[in-house]
$ cat input21.txt   # compact mmCIF, C-alpha atoms
# COMPACT_ATOMS: atom_id res chain seq x y z
CA MET C 1 22.61 10.29 25.62
CA GLY C 2 22.91 10.05 29.41
CA HIS C 3 20.29 12.63 30.34
CA LEU C 4 17.84 11.41 27.69
CA ASN C 5 18.37 7.76 28.62
CA HIS C 6 17.50 8.51 32.22
CA TRP C 7 14.42 10.51 31.18
CA LEU C 8 13.24 7.73 28.83
CA HIS C 9 13.86 5.09 31.49
CA MET C 10 11.69 7.06 33.92
CA HIS C 11 8.89 7.84 31.46
CA ALA C 12 8.83 5.01 28.85
CA ASP C 13 5.63 3.45 30.20
CA GLN C 14 3.91 6.83 30.44
CA LEU C 15 4.96 7.73 26.86
CA ASP C 16 3.49 4.42 25.71
CA GLN C 17 0.16 4.66 27.51
CA SER C 18 -0.58 8.41 27.74
CA SER C 19 -0.28 11.53 25.62
CA GLU C 20 0.61 13.77 28.59
CA LEU C 21 4.31 13.98 27.66
CA ALA C 22 3.83 14.01 23.88
CA GLU C 23 4.93 17.64 23.44
CA THR C 24 8.15 17.07 25.42
CA VAL C 25 9.59 14.20 23.35
CA LEU C 26 10.99 16.29 20.50
CA PRO C 27 12.70 18.86 22.78
CA ALA C 28 14.18 15.97 24.79
CA LEU C 29 15.66 14.42 21.62
CA ALA C 30 16.94 17.80 20.45
CA GLY C 31 18.41 18.55 23.87
CA ASP C 32 20.76 15.59 23.48
CA GLN C 33 21.63 16.74 19.90
CA LEU C 34 20.21 13.53 18.43
CA LEU C 35 18.35 15.22 15.59
CA ALA C 36 21.64 16.42 14.07
CA ILE C 37 23.17 12.93 13.91
CA GLY C 38 23.99 11.81 10.36
CA VAL C 39 23.27 15.27 8.95
CA PRO C 40 26.17 16.88 7.01
CA GLN C 41 27.93 19.68 8.89
CA GLU C 42 27.38 22.10 6.02
CA HIS C 43 23.63 21.78 6.72
CA GLY C 44 24.06 22.44 10.43
CA GLY C 45 24.32 18.80 11.44
CA ALA C 46 26.84 16.76 13.41
CA GLY C 47 28.26 15.00 10.34
CA GLY C 48 28.19 11.31 9.53
CA ASP C 49 25.51 9.73 7.35
CA VAL C 50 22.19 7.92 7.58
CA ARG C 51 23.83 4.86 9.20
CA ASP C 52 24.52 7.01 12.26
CA ALA C 53 20.87 8.07 12.33
CA ILE C 54 19.72 4.42 12.13
CA ASN C 55 21.97 3.54 15.08
CA ALA C 56 20.73 6.54 17.07
CA ILE C 57 17.07 5.62 16.48
CA ALA C 58 17.83 2.02 17.51
CA ASN C 59 19.48 3.28 20.73
CA VAL C 60 16.37 5.32 21.62
CA ALA C 61 14.08 2.37 20.73
CA GLU C 62 15.87 0.24 23.34
CA GLN C 63 14.35 2.57 25.94
CA SER C 64 11.13 3.73 24.28
CA VAL C 65 9.67 2.94 20.86
CA THR C 66 7.33 5.94 21.26
CA ALA C 67 10.29 8.31 21.46
CA ALA C 68 12.09 6.44 18.66
CA PHE C 69 8.98 6.70 16.47
CA VAL C 70 8.89 10.49 16.96
CA PHE C 71 12.65 10.57 16.24
CA TRP C 72 12.06 8.55 13.05
CA GLY C 73 9.34 10.93 11.80
CA GLN C 74 11.45 14.02 12.46
CA ARG C 75 14.64 12.53 11.01
CA CYS C 76 12.79 11.27 7.90
CA PHE C 77 11.51 14.76 7.18
CA ILE C 78 15.04 16.12 7.64
CA GLU C 79 16.29 13.44 5.22
CA PHE C 80 13.65 14.40 2.63
CA LEU C 81 15.00 17.96 2.66
CA LEU C 82 18.61 16.78 2.47
CA GLN C 83 17.71 14.75 -0.63
CA SER C 84 15.57 17.48 -2.24
CA GLU C 85 16.74 19.57 -5.18
CA ASN C 86 14.84 22.48 -3.61
CA ARG C 87 17.84 23.85 -1.70
CA ALA C 88 16.02 27.03 -0.65
CA LEU C 89 13.34 24.98 1.12
CA ALA C 90 16.01 22.95 2.94
CA GLU C 91 17.89 26.08 4.03
CA ARG C 92 14.67 27.65 5.29
CA ARG C 93 13.41 24.62 7.22
CA LEU C 94 16.46 22.70 8.46
CA PRO C 95 17.56 25.01 11.33
CA GLY C 96 14.23 24.69 13.18
CA LEU C 97 13.98 20.96 12.44
CA LEU C 98 17.50 20.26 13.72
CA ALA C 99 16.90 22.38 16.84
CA GLY C 100 13.63 20.56 17.55
CA THR C 101 11.68 23.83 17.63
CA GLN C 102 9.84 22.73 14.47
CA ALA C 103 8.20 19.29 14.25
CA GLY C 104 8.56 17.47 10.94
CA ALA C 105 6.31 14.56 9.96
CA SER C 106 7.05 12.00 7.27
CA GLY C 107 3.54 11.65 5.83
CA LEU C 108 4.86 9.44 3.00
CA SER C 109 3.37 6.08 4.01
CA ASN C 110 0.72 6.43 1.31
CA ALA C 111 3.43 7.43 -1.20
CA MET C 112 5.57 4.38 -0.37
CA LYS C 113 2.55 2.12 -0.89
CA PHE C 114 1.82 3.92 -4.18
CA LEU C 115 5.42 3.34 -5.28
CA SER C 116 4.99 -0.42 -4.72
CA GLY C 117 1.67 -0.43 -6.61
CA ILE C 118 -0.33 -1.14 -3.44
CA GLU C 119 -2.44 1.99 -3.11
CA GLN C 120 -3.62 5.06 -5.03
CA LEU C 121 -2.49 8.49 -3.85
CA GLN C 122 -4.90 9.99 -1.31
CA ILE C 123 -4.20 13.64 -2.17
CA THR C 124 -4.92 15.32 -5.51
CA GLY C 125 -3.80 18.70 -6.79
CA VAL C 126 -4.79 21.34 -9.32
CA ARG C 127 -2.19 23.78 -10.72
CA GLN C 128 -2.60 27.23 -9.27
CA ASP C 129 -0.27 30.17 -9.86
CA ASP C 130 3.20 28.69 -9.36
CA GLY C 131 2.09 25.80 -7.16
CA LEU C 132 -0.74 23.38 -6.40
CA LEU C 133 -4.14 23.58 -4.74
CA VAL C 134 -4.55 20.24 -2.97
CA ASP C 135 -7.35 18.17 -1.43
CA GLY C 136 -7.30 14.84 0.38
CA GLY C 137 -6.04 13.31 3.58
CA LEU C 138 -3.50 11.17 5.39
CA ALA C 139 -4.99 8.56 7.70
CA TRP C 140 -2.06 8.04 10.07
CA VAL C 141 0.83 10.44 10.63
CA THR C 142 3.25 10.66 13.57
CA ASN C 143 4.91 13.70 15.16
CA LEU C 144 2.02 16.06 14.44
CA ARG C 145 2.87 18.28 17.41
CA LYS C 146 -0.08 20.26 18.68
CA ALA C 147 2.22 23.30 18.90
CA GLY C 148 2.61 23.08 15.11
CA PHE C 149 4.21 20.88 12.48
CA VAL C 150 5.34 20.67 8.87
CA ALA C 151 4.60 17.43 7.02
CA ALA C 152 5.45 15.84 3.67
CA ALA C 153 2.86 14.31 1.37
CA ALA C 154 2.57 12.95 -2.15
CA VAL C 155 0.13 14.75 -4.44
CA ALA C 156 -1.30 13.50 -7.74
CA PRO C 157 -1.70 16.53 -10.06
CA ASN C 158 -4.78 16.49 -12.30
CA ASP C 159 -2.84 17.46 -15.46
CA GLY C 160 -1.11 14.13 -16.04
CA ALA C 161 2.24 15.28 -14.67
CA PRO C 162 4.06 12.88 -12.30
CA PRO C 163 3.01 12.96 -8.63
CA ALA C 164 4.89 15.53 -6.55
CA ILE C 165 6.17 15.47 -2.98
CA VAL C 166 5.20 18.62 -1.10
CA ALA C 167 5.66 20.11 2.36
CA PHE C 168 2.62 21.61 4.08
CA ASP C 169 2.40 23.55 7.33
CA SER C 170 -0.14 23.02 10.10
CA GLY C 171 -0.87 26.75 10.13
CA THR C 172 -1.92 26.90 6.48
CA PRO C 173 -5.66 27.47 5.87
CA GLY C 174 -7.40 24.18 5.05
CA VAL C 175 -5.06 21.94 7.09
CA GLN C 176 -6.99 20.08 9.79
CA ARG C 177 -5.41 17.72 12.35
CA SER C 178 -7.66 15.15 14.01
CA ASP C 179 -7.57 14.30 17.70
CA ASP C 180 -4.83 11.80 18.57
CA LEU C 181 -5.66 8.32 17.31
CA ASP C 182 -6.77 6.07 20.17
CA LEU C 183 -3.83 3.65 19.99
CA ILE C 184 -3.11 0.61 22.22
CA ALA C 185 0.52 1.78 22.55
CA LEU C 186 2.81 4.65 21.46
CA ARG C 187 0.20 7.12 22.70
CA GLY C 188 2.75 9.86 23.37
CA SER C 189 3.80 10.04 19.70
CA ASN C 190 1.39 12.77 18.48
CA THR C 191 -0.11 10.33 15.97
CA ALA C 192 -3.24 11.60 14.23
CA SER C 193 -4.83 11.97 10.81
CA VAL C 194 -4.77 15.08 8.63
CA LYS C 195 -7.39 16.44 6.25
CA LEU C 196 -6.40 18.90 3.51
CA THR C 197 -9.13 21.05 1.95
CA GLN C 198 -8.13 23.51 -0.80
CA VAL C 199 -4.64 23.92 0.68
CA HIS C 200 -2.35 26.07 -1.46
CA ILE C 201 1.18 24.69 -1.83
CA PRO C 202 3.52 27.25 -3.44
CA ALA C 203 6.37 26.05 -5.67
CA ALA C 204 8.77 27.02 -2.87
CA ASP C 205 7.33 24.14 -0.78
CA ILE C 206 7.66 21.38 -3.39
CA ILE C 207 10.25 18.83 -2.22
CA SER C 208 10.23 16.91 -5.52
CA ASP C 209 8.23 17.39 -8.71
CA ASN C 210 8.77 13.76 -9.75
CA ALA C 211 7.86 11.40 -6.92
CA PRO C 212 8.28 8.11 -8.90
CA ALA C 213 11.92 9.02 -9.62
CA TRP C 214 12.66 10.58 -6.22
CA LEU C 215 11.04 8.07 -3.85
CA PRO C 216 13.28 5.07 -4.70
CA GLN C 217 16.31 7.26 -3.90
CA VAL C 218 14.99 8.16 -0.43
CA ARG C 219 13.24 4.86 0.40
CA PRO C 220 16.40 3.11 1.74
CA SER C 221 16.81 5.88 4.35
CA PHE C 222 13.06 5.89 5.16
CA LEU C 223 12.97 2.10 5.62
CA GLY C 224 16.44 1.85 7.15
CA MET C 225 15.61 4.33 9.90
CA GLN C 226 12.27 2.60 10.41
CA CYS C 227 14.18 -0.68 10.94
CA GLY C 228 15.90 1.09 13.86
CA LEU C 229 12.64 0.58 15.81
CA SER C 230 12.84 -3.22 15.40
CA ILE C 231 16.59 -3.31 16.07
CA GLY C 232 16.45 -1.35 19.33
CA LEU C 233 13.42 -3.18 20.68
CA ALA C 234 14.89 -6.61 19.82
CA ARG C 235 18.18 -5.67 21.52
CA ALA C 236 16.34 -4.55 24.66
CA SER C 237 14.34 -7.76 24.80
CA LEU C 238 17.38 -10.00 24.22
CA THR C 239 19.46 -8.10 26.79
CA LYS C 240 16.75 -8.63 29.39
CA ALA C 241 16.39 -12.32 28.44
CA ALA C 242 20.17 -12.80 28.67
CA GLN C 243 20.38 -11.14 32.10
CA ILE C 244 17.68 -13.41 33.52
CA SER C 245 18.98 -16.59 31.87
CA ALA C 246 22.56 -16.00 32.99
CA GLY C 247 21.56 -16.67 36.59
CA SER C 248 19.36 -19.70 35.96
CA ARG C 249 19.80 -23.23 34.74
CA ASN C 250 17.46 -22.95 31.76
CA ALA C 251 18.55 -23.87 28.24
CA LEU C 252 17.69 -20.49 26.74
CA THR C 253 21.16 -18.90 26.79
CA PRO C 254 22.45 -20.56 23.58
CA ARG C 255 19.23 -19.59 21.75
CA ILE C 256 19.49 -16.00 23.01
CA GLU C 257 23.13 -15.75 21.89
CA ALA C 258 22.32 -17.26 18.49
CA LEU C 259 19.48 -14.78 17.95
CA GLN C 260 21.71 -11.88 19.03
CA ALA C 261 24.25 -12.96 16.39
CA THR C 262 21.50 -13.21 13.73
CA LEU C 263 20.26 -9.74 14.67
CA GLU C 264 23.68 -8.09 14.50
CA ALA C 265 24.44 -9.76 11.15
CA ALA C 266 21.18 -8.37 9.75
CA VAL C 267 22.04 -4.92 11.14
CA ALA C 268 25.47 -5.04 9.46
CA THR C 269 23.86 -5.98 6.12
CA LEU C 270 21.30 -3.19 6.49
CA LEU C 271 23.89 -0.51 7.28
CA ALA C 272 26.20 -1.62 4.45
CA GLY C 273 23.37 -1.66 1.88
CA VAL C 274 22.00 1.73 2.92
CA HIS C 275 25.50 3.18 2.72
CA ASP C 276 26.63 1.76 -0.63
CA GLY C 277 23.32 2.55 -2.35
CA ARG C 278 22.47 -0.99 -3.46
CA PHE C 279 18.95 -0.79 -1.98
CA LYS C 280 18.04 2.05 -4.36
CA THR C 281 17.97 -0.52 -7.15
CA GLN C 282 17.55 -3.70 -5.07
CA ALA C 283 14.39 -2.92 -3.10
CA PRO C 284 13.45 -6.62 -2.61
CA ALA C 285 16.68 -7.23 -0.64
CA MET C 286 15.75 -4.38 1.69
CA PHE C 287 12.14 -5.58 2.03
CA ARG C 288 13.44 -9.01 3.07
CA LEU C 289 15.67 -7.42 5.72
CA ARG C 290 12.73 -5.45 7.14
CA ILE C 291 10.70 -8.69 7.33
CA GLN C 292 13.63 -10.56 8.90
CA LEU C 293 14.13 -7.89 11.59
CA ALA C 294 10.43 -8.00 12.48
CA ASP C 295 10.70 -11.79 12.75
CA VAL C 296 13.82 -11.55 14.97
CA LEU C 297 11.91 -9.14 17.21
CA GLN C 298 9.03 -11.60 17.67
CA GLN C 299 11.50 -14.37 18.52
CA ALA C 300 13.30 -12.06 20.97
CA LEU C 301 10.08 -11.30 22.83
CA MET C 302 9.26 -15.00 23.06
CA LEU C 303 12.71 -15.65 24.56
CA GLU C 304 12.24 -12.79 27.04
CA LEU C 305 8.81 -14.19 27.99
CA GLN C 306 10.19 -17.70 28.43
CA ALA C 307 13.16 -16.43 30.45
CA MET C 308 10.87 -14.50 32.80
CA GLY C 309 8.21 -17.16 33.05
CA GLY C 310 5.16 -16.27 35.11
CA ARG C 311 6.72 -13.03 36.35
CA ALA C 312 6.19 -11.53 32.90
CA TYR C 313 2.47 -11.75 33.58
CA LEU C 314 2.60 -10.05 36.98
CA ASN C 315 2.32 -6.27 36.73
CA ALA C 316 4.66 -5.63 39.65
CA GLU C 317 7.42 -7.86 38.26
CA GLN C 318 7.28 -7.55 34.45
CA GLN C 319 10.11 -4.94 34.17
CA GLY C 320 8.88 -3.29 30.97
CA PHE C 321 7.96 -6.55 29.25
CA ALA C 322 4.29 -5.56 28.82
CA ARG C 323 5.31 -2.29 27.19
CA ARG C 324 7.77 -4.03 24.85
CA TRP C 325 5.05 -6.55 23.93
CA ARG C 326 2.64 -3.72 23.04
CA GLU C 327 5.33 -1.74 21.22
CA SER C 328 6.25 -4.80 19.17
CA SER C 329 2.67 -5.17 17.89
CA PHE C 330 3.21 -1.98 15.91
CA ILE C 331 6.25 -3.26 13.98
CA PRO C 332 4.41 -5.63 11.57
CA ILE C 333 1.78 -3.00 10.67
CA VAL C 334 3.81 0.22 10.28
CA THR C 335 3.86 1.14 6.58
CA PRO C 336 5.01 -0.63 4.55
CA SER C 337 3.46 -3.43 6.58
CA LEU C 338 4.77 -6.99 6.46
CA THR C 339 1.74 -8.06 4.41
CA GLN C 340 2.36 -5.27 1.91
CA LEU C 341 6.06 -6.15 1.67
CA GLN C 342 5.27 -9.83 1.20
CA ALA C 343 2.78 -8.97 -1.57
CA ALA C 344 5.39 -6.76 -3.29
CA LEU C 345 7.97 -9.58 -3.04
CA GLN C 346 5.53 -12.12 -4.50
CA LEU C 347 4.89 -9.80 -7.44
CA PHE C 348 8.65 -9.30 -7.92
CA ASP C 349 9.34 -13.05 -7.73
CA SER C 350 6.61 -13.86 -10.26
CA GLN C 351 8.00 -11.19 -12.64
CA GLN C 352 11.51 -12.69 -12.27
CA ALA C 353 10.12 -16.19 -12.93
CA ALA C 354 8.32 -14.91 -16.05
CA LYS C 355 11.53 -13.29 -17.30
CA ALA C 356 13.49 -16.49 -16.67
CA ALA C 357 10.91 -18.42 -18.64
CA GLY C 358 11.24 -15.98 -21.51
CA ALA C 359 7.69 -14.67 -21.18
CA PRO C 360 6.92 -10.95 -21.30
CA ALA C 361 6.73 -9.73 -17.71
$ encode --input "input21.txt" --output "structure tokens"
Amino acid sequence: MGHLNHWLHMHADQLDQSSELAETVLPALAGDQLLAIGVPQEHGGAGGDVRDAINAIANVAEQSVTAAFVFWGQRCFIEFLLQSENRALAERRLPGLLAGTQAGASGLSNAMKFLSGIEQLQITGVRQDDGLLVDGGLAWVTNLRKAGFVAAAAVAPNDGAPPAIVAFDSGTPGVQRSDDLDLIALRGSNTASVKLTQVHIPAADIISDNAPAWLPQVRPSFLGMQCGLSIGLARASLTKAAQISAGSRNALTPRIEALQATLEAAVATLLAGVHDGRFKTQAPAMFRLRIQLADVLQQALMLELQAMGGRAYLNAEQQGFARRWRESSFIPIVTPSLTQLQAALQLFDSQQAAKAAGAPA
């Protein structure tokens, strides 16, 4: 990651505040072979599993959450294909996705909210020939490269069949990408909205024809890789806080070390649970980890701010603190947001309490 690390170090602030380098992020990630990490060798990857991808995303997030967010979107789409029964679609799409010549966008935020009972699906479909004719939109999708992209979305068919997960291409008639969203940070991430009007999705582009059964299987990877953003940013903040505190007589060092230990324990739990499959059936445990990591990140930034003191507020001396502060504001709101997760946990807890009391849940 040497070349990429240097590039990210040089351009992290620009990636955060401008879209000028947006088209170069994916080739930069691909150039260091990062997109192949955790992808089985028989599919053209470097081997390993999703834990390696989570670690790689966290490493990038230490330098730039914008680049890590693009990495997450691309790697999620790759994961969707790896976990799809549509092997022909995976074989057709994976080479370009792994090489970074084709951008892949997750597009499943709405679907994840739907799975937790938080939101209705925003895209509907009518059966046509062997596929679906779809209409609707996605309000917020990352890695929609202007040079072209393929994205995943959940579609509610009008015939009562389960929702499906489909792949759609930016070049298909009826697919319309908005201008980049005017974000306060992460502006180099090609984040925009998409409108779909009478877009034909052939059967060959259906990732799963049963989203309610398929999504819980892929959600641990989706959320686990998303947690990489929090992990990397928290590590960067704590490293900076530790460097400053080591040379001063403040009392922050024990607090920094304690929070570092809490962070790494949470990371170990996350990686173990993603690997052994327990989060497929124990979603609440994973939701709590995502909330905990976001909380650790907020504490880390406060420690970095306190370690720096007034210098954190001076542009010339803040050493990336302002960018990390802006980047961190995205973590609580990225789907599923902390409020959505807390609502889902409250519902789960009340159902468990009802069961314990012998009442019908």
$ residues_near_point --input "input21.txt" --point "(15.5, -15.0, 22.7)" --cutoff "7 Å" --atoms "all atoms listed in the file" --output "ChimeraX atom specification"
/C:238,241,255-256,259,299-304
$ closest_residue --input "input21.txt" --among "C:Leu223, C:Arg145, C:Ala28, C:Leu186" --to "C:Arg326" --atoms "all atoms listed in the file"
C:Leu186
$ residues_around --input "input21.txt" --residues "stretch 344-354 of chain C" --least-positions-apart "2" --cutoff "9 Å" --atoms "all atoms listed in the file" --output "PyMOL selection string"
chain C and resi 116-118+284+287-288+339-342+356-361
$ write_last_selection --input "input21.txt" --atoms "C-alpha atoms" --output "short mmCIF file (atom, residue, chain, number, x, y, z; two decimals), keeping the file's coordinate frame"
data_model
loop_
_atom_site.label_atom_id
_atom_site.label_comp_id
_atom_site.auth_asym_id
_atom_site.auth_seq_id
_atom_site.Cartn_x
_atom_site.Cartn_y
_atom_site.Cartn_z
CA SER C 116 4.99 -0.42 -4.72
CA GLY C 117 1.67 -0.43 -6.61
CA ILE C 118 -0.33 -1.14 -3.44
CA PRO C 284 13.45 -6.62 -2.61
CA PHE C 287 12.14 -5.58 2.03
CA ARG C 288 13.44 -9.01 3.07
CA THR C 339 1.74 -8.06 4.41
CA GLN C 340 2.36 -5.27 1.91
CA LEU C 341 6.06 -6.15 1.67
CA GLN C 342 5.27 -9.83 1.20
CA ALA C 356 13.49 -16.49 -16.67
CA ALA C 357 10.91 -18.42 -18.64
CA GLY C 358 11.24 -15.98 -21.51
CA ALA C 359 7.69 -14.67 -21.18
CA PRO C 360 6.92 -10.95 -21.30
CA ALA C 361 6.73 -9.73 -17.71
#
$ residues_around --input "input21.txt" --residues "C:Pro336" --least-positions-apart "2" --cutoff "8 Å" --atoms "only C-alpha atoms" --output "PyMOL selection string"
chain C and resi 109+112-113+333-334+338+340-341
$ atom_distance --input "input21.txt" --atom1 "atom CA of C:Gly171" --atom2 "atom CA of C:Phe149"
8.1 Å
$ atom_distance --input "input21.txt" --atom1 "atom CA of C:Ala12" --atom2 "atom CA of C:Leu183"
15.5 Å
$ atom_distance --input "input21.txt" --atom1 "atom CA of C:Leu97" --atom2 "atom CA of C:Val150"
9.4 Å
$ residues_around --input "input21.txt" --residues "C:Val175" --least-positions-apart "2" --cutoff "12 Å" --atoms "all atoms listed in the file" --output "mmCIF file with C-alpha atoms, keeping the file's coordinate frame"
data_model
loop_
_atom_site.group_PDB
_atom_site.id
_atom_site.type_symbol
_atom_site.label_atom_id
_atom_site.label_comp_id
_atom_site.auth_asym_id
_atom_site.auth_seq_id
_atom_site.Cartn_x
_atom_site.Cartn_y
_atom_site.Cartn_z
ATOM 1 C CA LEU C 133 -4.140 23.580 -4.740
ATOM 2 C CA VAL C 134 -4.550 20.240 -2.970
ATOM 3 C CA ASP C 135 -7.350 18.170 -1.430
ATOM 4 C CA GLY C 136 -7.300 14.840 0.380
ATOM 5 C CA GLY C 137 -6.040 13.310 3.580
ATOM 6 C CA LEU C 138 -3.500 11.170 5.390
ATOM 7 C CA LEU C 144 2.020 16.060 14.440
ATOM 8 C CA GLY C 148 2.610 23.080 15.110
ATOM 9 C CA PHE C 149 4.210 20.880 12.480
ATOM 10 C CA VAL C 150 5.340 20.670 8.870
ATOM 11 C CA ALA C 151 4.600 17.430 7.020
ATOM 12 C CA ALA C 167 5.660 20.110 2.360
ATOM 13 C CA PHE C 168 2.620 21.610 4.080
ATOM 14 C CA ASP C 169 2.400 23.550 7.330
ATOM 15 C CA SER C 170 -0.140 23.020 10.100
ATOM 16 C CA GLY C 171 -0.870 26.750 10.130
ATOM 17 C CA THR C 172 -1.920 26.900 6.480
ATOM 18 C CA PRO C 173 -5.660 27.470 5.870
ATOM 19 C CA ARG C 177 -5.410 17.720 12.350
ATOM 20 C CA SER C 178 -7.660 15.150 14.010
ATOM 21 C CA SER C 193 -4.830 11.970 10.810
ATOM 22 C CA VAL C 194 -4.770 15.080 8.630
ATOM 23 C CA LYS C 195 -7.390 16.440 6.250
ATOM 24 C CA LEU C 196 -6.400 18.900 3.510
ATOM 25 C CA THR C 197 -9.130 21.050 1.950
ATOM 26 C CA GLN C 198 -8.130 23.510 -0.800
ATOM 27 C CA VAL C 199 -4.640 23.920 0.680
ATOM 28 C CA HIS C 200 -2.350 26.070 -1.460
ATOM 29 C CA ILE C 201 1.180 24.690 -1.830
#
